[in-house]
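Working notes, structure below.
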Amino acid sequence: MAAVPESDASPTRFQALALSGGGYRGLYTAQVLADLEAHFETPAGSHFELLAGTSVGGILALALAYEIPAARIVELFEKHGGEIFRKRALLGVFQSTYSSEPLRKLLSQADLFGDRTLGDCRHPLIVPAINFTTGKPVVFKTAHHSSLHVDYQLKAVDIALATSAAPLYFPRHVFRSNQYVDGGLFANAPGWLALHEAEIFLHQPIGQIHLMAIGTMSAKFTVDPRKSRRGGWTSWGGINPVNTPKQLFGLAISTQETLVDHMLRQRLGDSYCHLDDDLTDEQARAVGLDKTTTAATQVLIGTAHERAKHMLGNENCSKFFSHEAAAPVFFHQ
């Protein structure tokens with residue numbers, strides 16, 4: 001459905017926040033946000049007219065939209081990461097490596113998402129996933145435009161499990177008689193979706209849009225020149241063929257991150273702020289989508305503390321948290 005403008009665009013600064021996917025590496029994103037919330041003593045969501053998140057970034061964006069402290073998500077991952085990423089017996093041959101049930105139970109707690117729906121969000125939000133039943137991408141949205149009639153009734157837990165159902169890692173999430181998989185397959189870095197939403201559905205001119213994107217210490221997947229160039233299963237995944245699609249998934253989300261970053265820099269210039277860190281070779285061996293070890297946790301949290309400190313010293317980035325978002329308009333109210 002085409003978006004039809006309902007009012008003139010506001011002449012004020014419009015801010016969007018985009019949070020990338022990355023499994024347990026989302027702990028980095030959550031800690032950056034927790035540090036910023038602690039410094040400014042305000043909910044991160046209150047500074048943005050639009051929130052966007054994919055996979056673990058979608059879970060974080062949902063939390064921010066309800067003004068659940070980012071520190072609560074840090075606690076969730078630190079304390080329960082081992083439960084979320086506990087391998088099942090058959091290791092992905094006949095079923096996904098991990099069950100989504102632990103994550104569902106954790107997110108269903110009353111102080112997290114509970115029975116909340118998108119209609120309970122305090123800030124406009126978009127979360128991508130793929131409807132595998134239809135084979136089409138979907139973007140779940142709050143009712144911030146008059147054409148959005150359904151999604152606000154959906155439960156946050158369902159949307160969180162749909163956007164984070166990474167192939168092979170977690171089972172497809174089924175609700176409303178449809179099967180959903182991870183939105184990271186097409187929009188792991190959702191900044192470009194956020195820019196489109198701001199321009200087309202929220203009617204903001206490009207000159208007023210300011211976008212902050214926070215990554216997940218994405219590893220750059222590159223070829224080992226010592227290995228075969230023939231491109232077979234072992235060339236991609238080693239001796240275990242189950243690793244092949246995981247490597248391809250990692251490559252897809254890594255290259256997306258780089259591409260979207262370049263495009264947003266070219267489109268927005270100084271109105272764009274990207275917070276992320278590259279993993280060193282040593283760190284890359286300790287950190288991964290499903291690595292929840294003490295070493296991984298220390299790398300993610302320690303690097304996040306340093307990134308947040310750097311952000312506070314960057315005038316362009318710190319301006320994002322001196323802005324108070326305009327009151328949203330939701331059309332289901």
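Just remember, in the structure tokens the first chain shown is A, the second B, etc., residues are 1-based per chain, and ligands are 1-based in the order shown.
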
Exercise. Could you pull out the residues in range 24-140 of chain A that DSSP calls helix (DSSP H, G or I) from the backbone, as a VMD selection string?
Key: chain A and resid 24 to 40 44 to 47 56 to 65 70 to 84 101 to 107 118 to 120

Quiz item: Which polymer residues have any atom within 8 Å of an atom of Gln208 in chain A, counting only C-alpha atoms, with same-chain residues fewer than 4 positions away left out, as a ChimeraX atom specification?
Solution: /A:11-14,204

Quiz prompt | Distance query Ile206 in chain A at most 10 Å, only C-alpha atoms, self and fewer than 2 positions along chain excluded, as an NGL selection string | solution = :A and (14 or 195-196 or 198-199 or 203-204 or 208-210 or 267-268 or 271)

Kindly export the residues of the current selection with C-alpha atoms, as an mmCIF file, in the first residue's frame.
```cif
data_model
loop_
_atom_site.group_PDB
_atom_site.id
_atom_site.type_symbol
_atom_site.label_atom_id
_atom_site.label_comp_id
_atom_site.auth_asym_id
_atom_site.auth_seq_id
_atom_site.Cartn_x
_atom_site.Cartn_y
_atom_site.Cartn_z
ATOM 1 C CA PHE A 14 14.080 13.895 13.485
ATOM 2 C CA LEU A 195 15.675 5.937 6.683
ATOM 3 C CA HIS A 196 12.997 4.739 4.256
ATOM 4 C CA ALA A 198 11.272 8.163 8.140
ATOM 5 C CA GLU A 199 11.022 9.579 4.624
ATOM 6 C CA HIS A 203 7.158 12.306 5.963
ATOM 7 C CA GLN A 204 10.530 13.648 7.033
ATOM 8 C CA GLN A 208 16.103 16.793 8.955
ATOM 9 C CA ILE A 209 16.837 13.100 9.501
ATOM 10 C CA HIS A 210 19.642 12.135 11.877
ATOM 11 C CA ARG A 267 23.187 9.695 2.005
ATOM 12 C CA LEU A 268 23.279 11.390 5.405
ATOM 13 C CA SER A 271 23.766 13.430 10.189
#
```

Practice problem: Rank nothing, just name the residue among A:Asp120, A:Pro137, A:Ile130, A:Leu17 nearest to Leu154 in chain A, using only C-alpha atoms. | Solution: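 Answer, going by the shortest atom-to-atom distance: A:Asp120.
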
Practice problem: Could you jot down the CA of Tyr66 in chain A to CA of Leu125 in chain A separation for me, Å, one decimal place? | Solution: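 These two atoms are separated by 10.2 Å.
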